[in-house]
Every structure is written in C-alpha cells, then in structure tokens.
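Asker: Dropping in run_10.txt, which is compact mmCIF, C-alpha atoms:
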```txt
# COMPACT_ATOMS: atom_id res chain seq x y z
CA MET A 1 22.54 13.67 -1.43
CA GLU A 2 22.94 12.13 -4.84
CA TYR A 3 26.14 11.69 -6.72
CA LYS A 4 26.01 13.62 -9.98
CA ASP A 5 27.66 12.27 -13.08
CA TYR A 6 28.70 15.45 -14.82
CA TYR A 7 29.94 13.55 -17.87
CA GLN A 8 26.59 11.88 -18.29
CA ILE A 9 24.78 15.19 -17.92
CA MET A 10 26.84 16.66 -20.73
CA GLY A 11 26.74 13.50 -22.83
CA LEU A 12 30.51 13.21 -22.82
CA ALA A 13 33.05 10.42 -22.45
CA LYS A 14 35.35 10.56 -19.46
CA ASN A 15 38.28 11.42 -21.67
CA ALA A 16 36.56 14.31 -23.48
CA SER A 17 38.88 17.09 -24.55
CA LYS A 18 38.53 20.68 -23.46
CA LYS A 19 37.20 21.55 -26.87
CA GLU A 20 34.59 18.81 -26.77
CA ILE A 21 33.43 19.97 -23.36
CA LYS A 22 33.02 23.51 -24.56
CA ARG A 23 31.20 22.42 -27.68
CA ALA A 24 28.86 20.13 -25.74
CA TYR A 25 28.11 22.93 -23.32
CA LYS A 26 27.24 25.41 -26.05
CA LYS A 27 25.05 22.95 -27.85
CA LEU A 28 23.14 21.86 -24.77
CA ALA A 29 22.87 25.41 -23.47
CA ARG A 30 21.01 26.34 -26.63
CA LYS A 31 18.83 23.26 -26.33
CA TYR A 32 17.83 23.75 -22.73
CA HIS A 33 17.80 27.51 -22.40
CA PRO A 34 14.56 28.21 -20.51
CA ASP A 35 13.66 31.13 -22.76
CA VAL A 36 14.03 29.05 -25.88
CA SER A 37 13.42 25.44 -24.97
CA LYS A 38 10.09 23.69 -24.96
CA GLU A 39 11.54 20.65 -23.25
CA LYS A 40 10.04 19.70 -19.93
CA ASN A 41 12.24 20.66 -16.98
CA ALA A 42 14.34 22.82 -19.29
CA GLU A 43 15.19 25.12 -16.43
CA ASP A 44 16.41 22.31 -14.16
CA LYS A 45 18.40 20.79 -16.98
CA PHE A 46 19.93 24.13 -17.81
CA LYS A 47 21.02 24.61 -14.21
CA GLU A 48 22.42 21.11 -14.03
CA LEU A 49 24.32 21.71 -17.23
CA GLY A 50 25.79 24.96 -15.92
CA GLU A 51 26.97 23.12 -12.84
CA ALA A 52 28.48 20.25 -14.83
CA TYR A 53 30.31 22.67 -17.10
CA GLU A 54 31.54 24.64 -14.14
CA VAL A 55 33.40 21.56 -12.93
CA LEU A 56 34.52 20.00 -16.19
CA LYS A 57 35.89 23.11 -17.83
CA ASP A 58 38.14 23.88 -14.92
CA PRO A 59 41.12 21.49 -14.99
CA GLU A 60 41.57 21.66 -11.22
CA LYS A 61 37.98 20.89 -10.38
CA ARG A 62 37.80 18.29 -13.09
CA ALA A 63 40.86 16.44 -11.88
CA ALA A 64 39.53 16.37 -8.34
CA TYR A 65 36.13 15.25 -9.54
CA ASP A 66 37.63 12.53 -11.74
CA GLN A 67 39.62 11.15 -8.87
CA LEU A 68 36.47 10.97 -6.79
CA GLY A 69 34.31 9.71 -9.61
CA LYS A 70 35.93 6.33 -10.06
CA LYS A 71 33.87 4.77 -7.31
CA TRP A 72 30.50 6.43 -7.83
CA LYS A 73 27.54 6.05 -10.10
CA SER A 74 24.90 8.62 -11.01
CA LYS A 75 22.09 9.09 -8.47
CA GLN A 76 23.86 6.95 -5.92
CA GLY A 77 23.70 8.24 -2.36
CA PHE A 78 26.76 10.31 -1.73
CA THR A 79 28.86 11.74 1.09
CA PRO A 80 32.23 13.19 0.26
CA PRO A 81 34.98 11.01 1.75
CA PRO A 82 37.06 12.91 4.31
CA GLY A 83 40.03 14.62 2.79
CA TRP A 84 38.84 13.84 -0.72
CA ASP A 85 40.27 17.04 -2.08
CA ALA A 86 43.69 16.68 -0.48
CA GLY A 87 46.31 17.80 -2.90
CA PHE A 88 43.96 19.97 -4.91
CA GLU A 89 43.91 23.69 -4.73
CA PHE A 90 40.84 25.40 -6.12
CA SER A 91 41.58 28.82 -7.38
CA GLY A 92 37.99 29.40 -8.34
CA GLY A 93 37.80 29.64 -12.08
CA ASN A 94 35.42 32.11 -13.55
CA PHE A 95 31.80 31.24 -13.68
CA THR A 96 30.23 30.51 -16.96
CA GLY A 97 26.57 31.14 -16.96
CA GLY A 98 25.32 29.03 -14.17
CA ASN A 99 23.88 30.91 -11.25
CA ALA A 100 26.12 29.89 -8.38
CA SER A 101 23.39 30.16 -5.80
CA GLU A 102 21.46 27.46 -7.63
CA PHE A 103 24.12 24.81 -7.87
CA SER A 104 23.27 21.53 -6.18
CA ASP A 105 24.15 20.39 -2.69
CA PHE A 106 26.43 17.88 -4.36
CA PHE A 107 28.43 20.66 -5.99
CA GLU A 108 28.59 22.58 -2.76
CA SER A 109 29.72 19.62 -0.71
CA LEU A 110 32.67 19.31 -3.06
CA PHE A 111 33.61 22.83 -3.96
CA GLY A 112 32.02 24.83 -1.17
CA ARG A 113 30.45 28.19 -1.56
CA GLN A 114 33.56 30.25 -1.91
CA PHE A 115 32.67 31.01 -5.50
CA GLN A 116 30.37 33.93 -5.24
CA THR A 117 28.49 35.55 -8.02
CA ASP A 118 30.69 38.61 -7.86
CA LYS A 119 33.50 36.48 -9.19
CA MET A 120 31.44 35.71 -12.24
CA GLY A 121 33.69 36.51 -15.07
CA GLY A 122 32.17 36.96 -18.39
CA HIS A 123 30.86 38.96 -21.16
CA TYR A 124 27.75 40.84 -21.92
CA GLY A 125 24.99 41.46 -19.53
CA HIS A 126 26.60 40.17 -16.40
CA GLN A 127 26.47 43.35 -14.44
CA PHE A 128 22.75 43.71 -15.00
CA TYR A 129 21.86 40.10 -14.61
CA ALA A 130 23.86 39.45 -11.48
CA GLN A 131 21.71 41.92 -9.58
CA SER A 132 18.43 40.60 -10.82
CA ASN A 133 16.61 37.97 -8.87
CA ASP A 134 13.45 38.03 -10.85
CA ARG A 135 11.71 34.73 -11.21
CA HIS A 136 9.63 33.68 -14.16
CA ALA A 137 6.97 31.02 -14.17
CA LYS A 138 4.09 29.94 -16.36
CA ILE A 139 0.68 29.20 -14.95
CA MET A 140 -2.03 27.28 -16.73
CA ILE A 141 -5.59 28.39 -16.11
CA ASP A 142 -8.95 27.44 -17.58
CA LEU A 143 -10.85 29.84 -19.79
CA GLU A 144 -13.61 29.88 -17.19
CA GLU A 145 -11.07 31.07 -14.62
CA ALA A 146 -9.92 33.84 -16.92
CA TYR A 147 -13.55 34.85 -17.37
CA LYS A 148 -14.38 35.00 -13.67
CA GLY A 149 -10.98 35.55 -12.08
CA THR A 150 -9.47 33.13 -9.60
CA THR A 151 -6.72 32.62 -7.06
CA ARG A 152 -3.85 30.23 -7.45
CA THR A 153 -1.48 28.75 -4.91
CA ILE A 154 2.05 28.80 -6.18
CA SER A 155 5.11 27.19 -4.65
CA LEU A 156 8.62 28.22 -5.55
CA LYS A 157 11.90 26.86 -4.37
CA MET A 158 13.93 29.68 -2.91
CA PRO A 159 17.54 29.42 -1.83
CA LYS A 160 17.93 30.90 1.64
CA LEU A 161 20.57 30.97 4.32
CA ASP A 162 19.62 29.34 7.60
CA GLN A 163 20.76 30.52 11.03
CA LEU A 164 24.08 28.76 10.67
CA GLY A 165 24.70 30.28 7.29
CA HIS A 166 24.03 27.09 5.33
CA LEU A 167 22.28 27.37 2.04
CA ILE A 168 18.91 25.66 2.08
CA ASN A 169 16.11 25.47 -0.43
CA LYS A 170 12.99 26.77 1.20
CA LEU A 171 9.58 26.29 -0.32
CA HIS A 172 7.94 29.66 -0.69
CA THR A 173 4.17 29.35 -1.08
CA LEU A 174 1.84 32.16 -1.96
CA ASN A 175 -1.74 32.69 -3.04
CA VAL A 176 -1.92 34.81 -6.13
CA LYS A 177 -5.01 36.58 -7.33
CA ILE A 178 -5.59 36.12 -11.04
CA PRO A 179 -7.84 38.99 -12.05
CA LYS A 180 -10.66 38.36 -14.48
CA GLY A 181 -9.99 39.14 -18.12
CA VAL A 182 -6.36 37.99 -18.21
CA LYS A 183 -5.26 36.67 -21.57
CA ALA A 184 -2.79 34.10 -22.79
CA GLY A 185 0.70 35.53 -23.00
CA GLN A 186 0.00 38.29 -20.51
CA ARG A 187 2.13 38.44 -17.41
CA ILE A 188 1.35 39.32 -13.84
CA ARG A 189 4.15 41.05 -12.01
CA LEU A 190 4.36 40.48 -8.27
CA ALA A 191 6.76 42.98 -6.85
CA GLY A 192 9.15 41.62 -4.24
CA GLN A 193 7.95 38.01 -4.55
CA GLY A 194 10.92 36.72 -6.52
CA GLY A 195 14.09 35.26 -5.09
CA SER A 196 16.27 37.15 -2.69
CA ASN A 197 19.80 37.84 -3.71
CA LEU A 198 22.09 36.23 -1.18
CA ASN A 199 24.80 38.74 -1.92
CA ASN A 200 23.02 42.03 -1.66
CA GLY A 201 19.78 41.01 0.02
CA LYS A 202 17.71 42.61 -2.71
CA GLN A 203 14.35 41.02 -3.35
CA GLY A 204 13.46 40.21 -6.95
CA ASP A 205 10.06 40.21 -8.60
CA LEU A 206 7.96 37.27 -9.66
CA TYR A 207 6.51 37.19 -13.15
CA LEU A 208 3.70 34.78 -13.91
CA GLU A 209 2.89 34.21 -17.55
CA ILE A 210 -0.67 33.15 -18.27
CA GLU A 211 -1.39 30.19 -20.51
CA PHE A 212 -4.83 28.69 -21.13
CA ASN A 213 -5.63 25.03 -20.74
CA LYS A 214 -7.16 23.56 -23.84
CA HIS A 215 -10.92 23.84 -23.62
CA PRO A 216 -13.13 20.96 -24.84
CA TYR A 217 -15.07 23.20 -27.23
CA PHE A 218 -14.08 26.86 -26.89
CA GLN A 219 -11.19 28.30 -28.81
CA VAL A 220 -9.73 31.65 -27.97
CA SER A 221 -8.10 34.35 -30.04
CA GLU A 222 -7.06 37.43 -28.08
CA ARG A 223 -10.25 38.36 -26.23
CA ASP A 224 -12.65 36.60 -28.60
CA ILE A 225 -14.08 33.13 -28.13
CA TYR A 226 -14.87 30.76 -31.00
CA VAL A 227 -17.13 27.75 -30.83
CA ASP A 228 -18.19 25.23 -33.48
CA LEU A 229 -21.88 24.67 -32.91
CA PRO A 230 -23.43 21.44 -34.22
CA VAL A 231 -26.81 22.10 -35.87
CA THR A 232 -29.39 20.03 -37.74
CA PRO A 233 -30.32 20.68 -41.40
CA TRP A 234 -33.81 21.87 -40.47
CA GLU A 235 -32.50 24.26 -37.80
CA VAL A 236 -30.48 26.10 -40.44
CA ALA A 237 -32.91 25.69 -43.33
CA LEU A 238 -35.99 26.88 -41.50
CA GLY A 239 -34.32 29.16 -39.00
CA SER A 240 -34.55 28.60 -35.27
CA THR A 241 -33.57 29.80 -31.83
CA ILE A 242 -31.14 27.51 -30.06
CA SER A 243 -29.12 27.50 -26.84
CA VAL A 244 -25.40 28.22 -27.12
CA PRO A 245 -22.85 27.75 -24.35
CA THR A 246 -20.80 30.84 -23.45
CA LEU A 247 -18.28 31.39 -20.68
CA GLY A 248 -20.97 33.29 -18.80
CA GLY A 249 -23.58 30.52 -19.22
CA LYS A 250 -26.21 29.55 -21.78
CA VAL A 251 -27.61 32.16 -24.15
CA GLU A 252 -30.28 31.93 -26.85
CA LEU A 253 -29.09 32.46 -30.39
CA LYS A 254 -31.36 33.12 -33.33
CA ILE A 255 -30.31 31.33 -36.50
CA PRO A 256 -31.74 33.01 -39.57
CA ALA A 257 -33.58 30.81 -42.09
CA GLU A 258 -31.57 29.53 -45.06
CA SER A 259 -28.26 29.72 -43.20
CA GLN A 260 -25.46 27.54 -44.52
CA ALA A 261 -22.93 25.37 -42.73
CA GLY A 262 -19.87 27.41 -41.79
CA LYS A 263 -21.88 30.58 -41.20
CA LYS A 264 -20.34 32.73 -38.50
CA LEU A 265 -22.65 34.44 -36.02
CA ARG A 266 -21.49 36.94 -33.44
CA LEU A 267 -22.56 37.20 -29.82
CA LYS A 268 -21.43 40.68 -28.92
CA GLY A 269 -19.63 41.10 -25.62
CA ARG A 270 -19.76 37.39 -24.73
CA GLY A 271 -16.00 36.88 -25.01
CA LEU A 272 -13.37 37.53 -22.33
CA PRO A 273 -13.96 40.57 -20.11
CA ASP A 274 -12.08 43.67 -21.18
CA SER A 275 -13.00 47.21 -22.10
CA PRO A 276 -14.67 46.61 -24.44
CA ALA A 277 -15.31 42.93 -23.78
CA GLY A 278 -14.49 40.41 -26.47
CA ASP A 279 -17.12 38.71 -28.60
CA GLN A 280 -18.09 35.11 -29.03
CA TYR A 281 -18.26 33.77 -32.55
CA VAL A 282 -20.47 30.80 -33.28
CA ILE A 283 -19.65 28.77 -36.37
CA LEU A 284 -22.47 26.55 -37.58
CA LYS A 285 -21.41 22.97 -38.10
CA LEU A 286 -23.99 20.95 -39.97
CA VAL A 287 -24.64 17.46 -38.63
CA ILE A 288 -26.55 15.09 -40.91
CA PRO A 289 -28.88 12.85 -38.92
CA PRO A 290 -28.33 9.17 -39.69
CA ALA A 291 -31.26 7.30 -41.19
CA LYS A 292 -31.84 4.82 -38.40
CA THR A 293 -35.30 3.54 -39.21
CA ALA A 294 -37.30 2.75 -42.33
CA GLU A 295 -39.31 5.86 -41.65
CA ASP A 296 -36.13 7.99 -41.62
CA GLU A 297 -35.10 6.51 -44.93
CA LEU A 298 -38.46 7.30 -46.36
CA LEU A 299 -38.05 10.94 -45.35
CA TYR A 300 -34.66 11.21 -47.07
CA GLU A 301 -36.15 9.43 -50.06
CA LYS A 302 -38.93 11.96 -50.20
CA MET A 303 -36.48 14.86 -49.94
CA SER A 304 -34.40 13.60 -52.81
CA GLN A 305 -37.47 13.30 -54.99
CA THR A 306 -39.16 16.58 -54.17
CA MET A 307 -36.22 18.94 -53.59
CA ALA A 308 -34.24 18.37 -56.77
CA PHE A 309 -31.10 20.00 -55.40
CA ASN A 310 -27.65 19.68 -56.97
CA PRO A 311 -24.91 21.31 -54.86
CA ARG A 312 -22.30 20.69 -57.58
CA THR A 313 -23.67 22.77 -60.43
CA HIS A 314 -20.77 25.25 -60.16
CA MET A 315 -18.41 22.36 -60.91
CA GLY A 316 -20.26 21.58 -64.10
CA VAL A 317 -21.23 18.07 -63.03
CA MET B 318 -0.75 26.60 6.65
CA PRO B 319 -1.92 27.22 3.15
CA ASN B 320 -5.38 28.34 4.22
CA THR B 321 -4.02 31.21 6.28
CA LEU B 322 -1.95 32.52 3.40
CA LYS B 323 -2.60 36.07 2.44
CA ILE B 324 -3.73 36.54 -1.13
CA VAL B 325 -1.23 38.65 -3.02
CA THR B 326 -2.27 40.79 -5.92
CA GLY B 327 0.03 41.67 -8.75
CA VAL B 328 -0.08 44.03 -11.66
CA VAL B 329 -1.23 42.62 -14.98
CA LEU B 330 1.07 43.69 -17.77
CA ASP B 331 -1.35 43.94 -20.67
CA GLU B 332 -1.62 45.79 -23.94
CA ASN B 333 -2.49 49.01 -22.12
CA THR B 334 0.71 48.99 -20.10
CA ARG B 335 3.05 51.87 -20.97
CA LEU B 336 6.41 52.27 -19.28
CA THR B 337 8.78 55.22 -19.29
CA LEU B 338 12.49 54.70 -19.77
CA VAL B 339 13.06 54.97 -16.03
CA GLU B 340 10.32 52.46 -15.24
CA LEU B 341 11.65 50.04 -17.83
CA CYS B 342 15.17 50.28 -16.38
CA CYS B 343 13.78 49.71 -12.91
CA LEU B 344 11.71 46.66 -13.83
CA GLY B 345 14.40 45.19 -16.07
CA LYS B 346 17.10 45.92 -13.45
CA THR B 347 19.31 47.52 -16.02
CA ASN B 348 20.53 50.95 -17.06
CA ALA B 349 19.46 53.45 -19.69
CA GLU B 350 22.61 52.97 -21.79
CA TYR B 351 21.69 49.35 -22.32
CA ILE B 352 18.15 50.32 -23.36
CA PHE B 353 19.60 52.83 -25.84
CA GLU B 354 21.59 50.03 -27.42
CA LEU B 355 18.51 47.85 -27.75
CA VAL B 356 16.53 50.68 -29.32
CA GLU B 357 19.38 51.39 -31.72
CA GLU B 358 19.44 47.72 -32.69
CA GLY B 359 15.70 47.87 -33.35
CA LEU B 360 15.12 45.31 -30.64
CA LEU B 361 12.88 47.68 -28.73
CA GLU B 362 10.61 50.14 -30.49
CA PRO B 363 9.28 52.75 -28.08
CA GLU B 364 6.47 55.11 -28.98
CA GLY B 365 7.37 58.79 -28.86
CA LEU B 366 10.05 60.77 -30.65
CA SER B 367 12.43 61.95 -27.95
CA THR B 368 13.80 60.02 -25.00
CA PRO B 369 11.65 61.71 -22.32
CA ASP B 370 8.55 60.87 -24.38
CA TRP B 371 9.51 57.26 -24.94
CA ARG B 372 6.84 54.78 -23.89
CA PHE B 373 7.44 51.05 -23.86
CA ASP B 374 4.71 48.41 -23.90
CA SER B 375 4.64 45.19 -21.86
CA ARG B 376 6.12 43.26 -24.78
CA ALA B 377 9.19 45.49 -24.56
CA LEU B 378 9.79 44.46 -20.95
CA LYS B 379 9.54 40.80 -21.90
CA ARG B 380 11.94 41.31 -24.80
CA LEU B 381 14.36 43.19 -22.56
CA GLN B 382 14.36 40.42 -19.94
CA LYS B 383 14.80 37.71 -22.52
CA THR B 384 17.63 39.63 -24.20
CA ILE B 385 19.46 39.93 -20.89
CA HIS B 386 19.06 36.18 -20.31
CA LEU B 387 20.11 35.24 -23.83
CA GLN B 388 23.15 37.50 -23.72
CA HIS B 389 24.16 36.25 -20.34
CA ASP B 390 23.55 32.54 -20.81
CA LEU B 391 24.30 31.98 -24.47
CA ARG B 392 26.62 34.91 -25.16
CA ILE B 393 24.51 36.05 -28.06
CA ASN B 394 25.21 39.51 -29.45
CA LEU B 395 22.40 42.02 -29.83
CA ALA B 396 21.72 41.33 -33.49
CA GLY B 397 21.50 37.62 -32.75
CA ALA B 398 19.27 38.18 -29.74
CA ALA B 399 16.94 40.32 -31.86
CA LEU B 400 16.67 37.52 -34.40
CA VAL B 401 16.04 34.89 -31.71
CA LEU B 402 13.34 37.04 -30.11
CA ASP B 403 11.53 37.61 -33.39
CA LEU B 404 11.59 33.91 -34.19
CA LEU B 405 10.48 32.96 -30.67
CA GLU B 406 7.53 35.33 -30.90
CA GLU B 407 6.56 33.84 -34.23
CA VAL B 408 6.76 30.30 -32.84
CA GLU B 409 4.66 31.30 -29.82
CA GLU B 410 2.08 32.86 -32.09
CA LEU B 411 1.92 29.73 -34.27
CA ARG B 412 1.71 27.44 -31.24
CA ARG B 413 -1.19 29.46 -29.91
CA LYS B 414 -3.04 29.04 -33.19
CA LEU B 415 -2.59 25.27 -33.17
```
Let me see the file written as structure tokens.
Answerer:
Amino acid sequence: MEYKDYYQIMGLAKNASKKEIKRAYKKLARKYHPDVSKEKNAEDKFKELGEAYEVLKDPEKRAAYDQLGKKWKSKQGFTPPPGWDAGFEFSGGNFTGGNASEFSDFFESLFGRQFQTDKMGGHYGHQFYAQSNDRHAKIMIDLEEAYKGTTRTISLKMPKLDQLGHLINKLHTLNVKIPKGVKAGQRIRLAGQGGSNLNNGKQGDLYLEIEFNKHPYFQVSERDIYVDLPVTPWEVALGSTISVPTLGGKVELKIPAESQAGKKLRLKGRGLPDSPAGDQYVILKLVIPPAKTAEDELLYEKMSQTMAFNPRTHMGV
Amino acid sequence: MPNTLKIVTGVVLDENTRLTLVELCCLGKTNAEYIFELVEEGLLEPEGLSTPDWRFDSRALKRLQKTIHLQHDLRINLAGAALVLDLLEEVEELRRKL
C-alpha cells in the first residue's frame, strides 16, 4: 500500500486554511470531473481528490493524518503504525462527493469503512445517485469495426466484498458485442453489468460510449463517409473509371469528363450500415505530376503553348 | 479464461430510441418528480404534449445522467447544469469535426 500525500493531491501547503482547502477542492473538482474533463485519468484523479478532501476538510481526520504524515512521503510503502489513531475520535463527518466505496486502501486502513454511503450528507441529487451503480466507459473502435461489427473484451475494476468482508477490487472482464452500424457518440447499455452496490446489493448498468479511431483516409460524419481521392489532371479532364476504397472494399467510380478539383461524387449506400445506409462522398483532389524527365517537361511545354488557358481571368489579371 | 467468456450483447441507444417517462426513470435510477423539474428547466425536451405521451430520446438519458452527476459532484443547480450540458455538447460536436 502506498502512502498518499493528500496535500500534494490538492496542491496545498500543510498549513492551508479551511477556506483554502474548500476552494482548492471546488476548483479541482471542476477540472477533473469525469463528465467535463478531457484530462487523462480524470476519473481516477477525481476519486483521489474526493478522498483527499474527505480527510482534510474534517478537522479530526486531518489532525490524525497530519500527526501520521510527518514521517511519510508520497508513494512510499505504507503500513499504519499500531495505535496510530490513539487519542483521536472519528465522528464520521459528512461525505462530500466522493463515493466511499471507491476510496483507496490507504484511506481505509486509516479511517476504516464505518463511513457508509447512507451517511452521505449533502445537497441535490444524493438520493438518486446513491442508489445508482451505473458505470460509464468509452471504447475506441475502428471505422471498419463499426462497418462489420465486432466484439471487444472489456475489463473493469469492481469493488467487492470477499468472504471475510474485506473490500477488494476485483477485475471484471467481459466480451461485449459491438453491433455493426454503431456511430460515434452512441452508447451501448449493458443491463446488470455495472458495479454492484455494496449497501443494497443492486446491480448497476454498464454504458459504453462509442468513439472512432482516426482513420488514415476516411472521415466520418454521422453515417456518411468522406474521402479525399487523389486524381491526375487527365483522369478528370478526359473522364475515367477509377478504383475507390470504401469500408466494404474497392468499388469502381466513373469520373465524368471535364470534372474539376474539389468535385464531390456520391457513392450511394456505401457509408455506415443503417436503414437507410449512409453514403460515401468522394472529393476529387487534383495531384499535378512532377516533370521528372526532359520528355515530361516537353509535354508541359506543349500544353502551355497549345492550350492557352488562364485560370485567373475572373480576377482581372 | 478470456476465451471461455460469454459474449454479452447490449442495447444500442441510437437516434431511434424512444423512452417513456417510466423507462427514463428506471434507466436513470431517479423519480418522475426530478424529471418534471428537468423538463420545466428546459433541460429535457420530450416529444408529446401530455405526460403519458412523453417520449425521450437517447440524448435525454445521457443528459439526465450527466445532470445527476454534475449536481451531485459539483453542486450545480439545474440552470447551471443545463448551461454546462449545452456547452459540453457543443464542444463534443466541434471536437468531432476536427
């Protein structure tokens, strides 16, 4: 078990006032709130913060912690010295926002588990939230996986009581089917696969939010796929039939003669599966071949002489 | 024993999802009075004129769950939560377009 420096977690000096502690908590809570924050490990940080605040805001717990803290450094291996809390009486101050069942072993070894969620004092929402053990997670999948459907193995840490009644974190692993046609931002609800509430035994649900990995050349908007397709000047000028990648494999696309760069062509029903399926849009991106040889140069030379084309006439130059 | 794991199938909450008031309460683990407050605040906008006809989409469930979290963790009032949700949705939308 690691020693946790609650002052360091909250960015506070050891002599911080009650007001400073409260202010630091509010500020960091906004920063690391999992629904708001884009920071990595926001959820873990938020939990850690809740735990730190739980101790520091309560004068009794803080005093006991301070007494203990003189000898220890953050992350150092830790076992509570026997009788460390002699002379301290914990009356169990109200809980703030931290979910008691998710406090660290370090916290528990010091303050035990006598603080149950039903003691959570507080304001709005408590009564609803306290019963909910829903878990939320994001999963990243490739566009190809969304097109075909896939299965994903997901591991979640679940607090559980062992036979002796100790709280342990058990790894809960499950294979989840990701049906084809899922889209970014959609969620899959897995009934009964969330955490179990240690107080009332009720099983929560697991929500998985779909996000797409960045694809090397496909972009996605809702159910439609966009791709920039490099083409040569003669392919667009003369018209041609060329191969285009789609999520379902190569297809042939006819480019009408005299197309311009930036032209958008639609491949109906080649987007993500749905009813109706999305479309794929192909945007022509003109690539000018470099003049590598004397012969190439001659060709460009010839074009400039015979084609007499000024693309800037509308600018009056 | 990951290879012996059963494959679990969930329900995709997509744009076709429609939930009644009772279903929304059940999934959000909350009560109807709380939903009424959110509708009054304009935080949830069900289809249908009267309460029995109310239908909520999957976005409503997400907004409800986030509101509960925000209220619980940050002590935000409903008007504030509504503002945060709208801004978060906008940010998500913009991020997706990046």
Asker: Name the closest residue to chain A among the candidates B:Leu378, B:Ile385, B:Leu404, B:Leu395; distances are taken between atoms, counting only C-alpha atoms.
Answerer: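 Among B:Leu378, B:Ile385, B:Leu404, B:Leu395, it is B:Ile385 that comes nearest to chain A.
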Asker: From the options A:Asn41, A:Ala137, A:Ser17, A:Asp205, which residue's atoms come nearest to B:Leu344, counting all atoms listed in the file?
Answerer: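 Going through A:Asn41, A:Ala137, A:Ser17, A:Asp205 one by one, the smallest distance to B:Leu344 is for A:Asp205.
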Asker: Quick one: everything within 10 Å of B:Leu381, counting only C-alpha atoms, minus sequence neighbours fewer than 6 positions away in the same chain. Send it as a ChimeraX atom specification.
Answerer: /B:341-342,344-347,351-352,355,360-361,375,387,402
Asker: Identify all chain B residues at most 6 Å from chain A by counting all atoms listed in the file; ligands do not count. Present them as a list in words.
Answerer: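 Here is what falls inside 6 Å: Ile324, Val325, Thr326, Gly327, Val328, Val329, Leu330, Asp331, Thr347, Ile385, Gln388, His389 and Asp390 of chain B.
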Asker: One decimal, Å: what's the distance from atom CA of A:Glu301 over to atom CA of A:Gly262, could you say?
Answerer: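 Between these atoms lies a distance of 25.6 Å.
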Asker: Just the number, please: distance in Å from atom CA of A:Ile283 to atom CA of A:Pro311, one decimal.
Answerer: 20.6 Å
Asker: Rounded to one decimal in Å, what is the spacing between atom CA of A:Tyr6 and atom CA of B:Ile393?
Answerer: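 Computing it gives 24.8 Å between the two atoms.
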Asker: Give me, as a list in words, all polymer residues having an atom no more than 8 Å from B:Pro363, counting all atoms listed in the file and skipping those fewer than 2 positions away in the same chain.
Answerer: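 The residues satisfying every condition are Val356, Leu361, Gly365, Trp371, Arg372, Phe373 and Asp374 of chain B.
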Asker: I need the residue nearest A:Leu284 from this list: A:Glu258, A:Asp142, A:Glu297, A:Asp228. Use only C-alpha atoms for the distance.
Answerer: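 Using only C-alpha atoms, A:Leu284 sits closest to A:Asp228.
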Asker: Kindly indicate which residue among A:Ala261, A:Val282, A:Leu171, A:Ile288 lies nearest to A:Ser243, using only C-alpha atoms for the distances.
Answerer: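 Of A:Ala261, A:Val282, A:Leu171, A:Ile288, the one nearest A:Ser243, counting only C-alpha atoms, is A:Val282.
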Asker: Please identify all polymer residues within 12 Å of B:Glu406, counting all atoms listed in the file, omitting same-chain residues fewer than 5 positions from it, and present them as an NGL selection string.
Answerer: (:A and (35-36 or 185)) or (:B and (376 or 379-380 or 383 or 399-401 or 411-413))
Asker: Select, counting all atoms listed in the file, all protein, DNA and RNA residues no farther than 10 Å from (-23.5, 16.6, -36.6) in file coordinates, and express the selection as a VMD selection string.
Answerer: chain A and resid 229 to 233 285 to 290
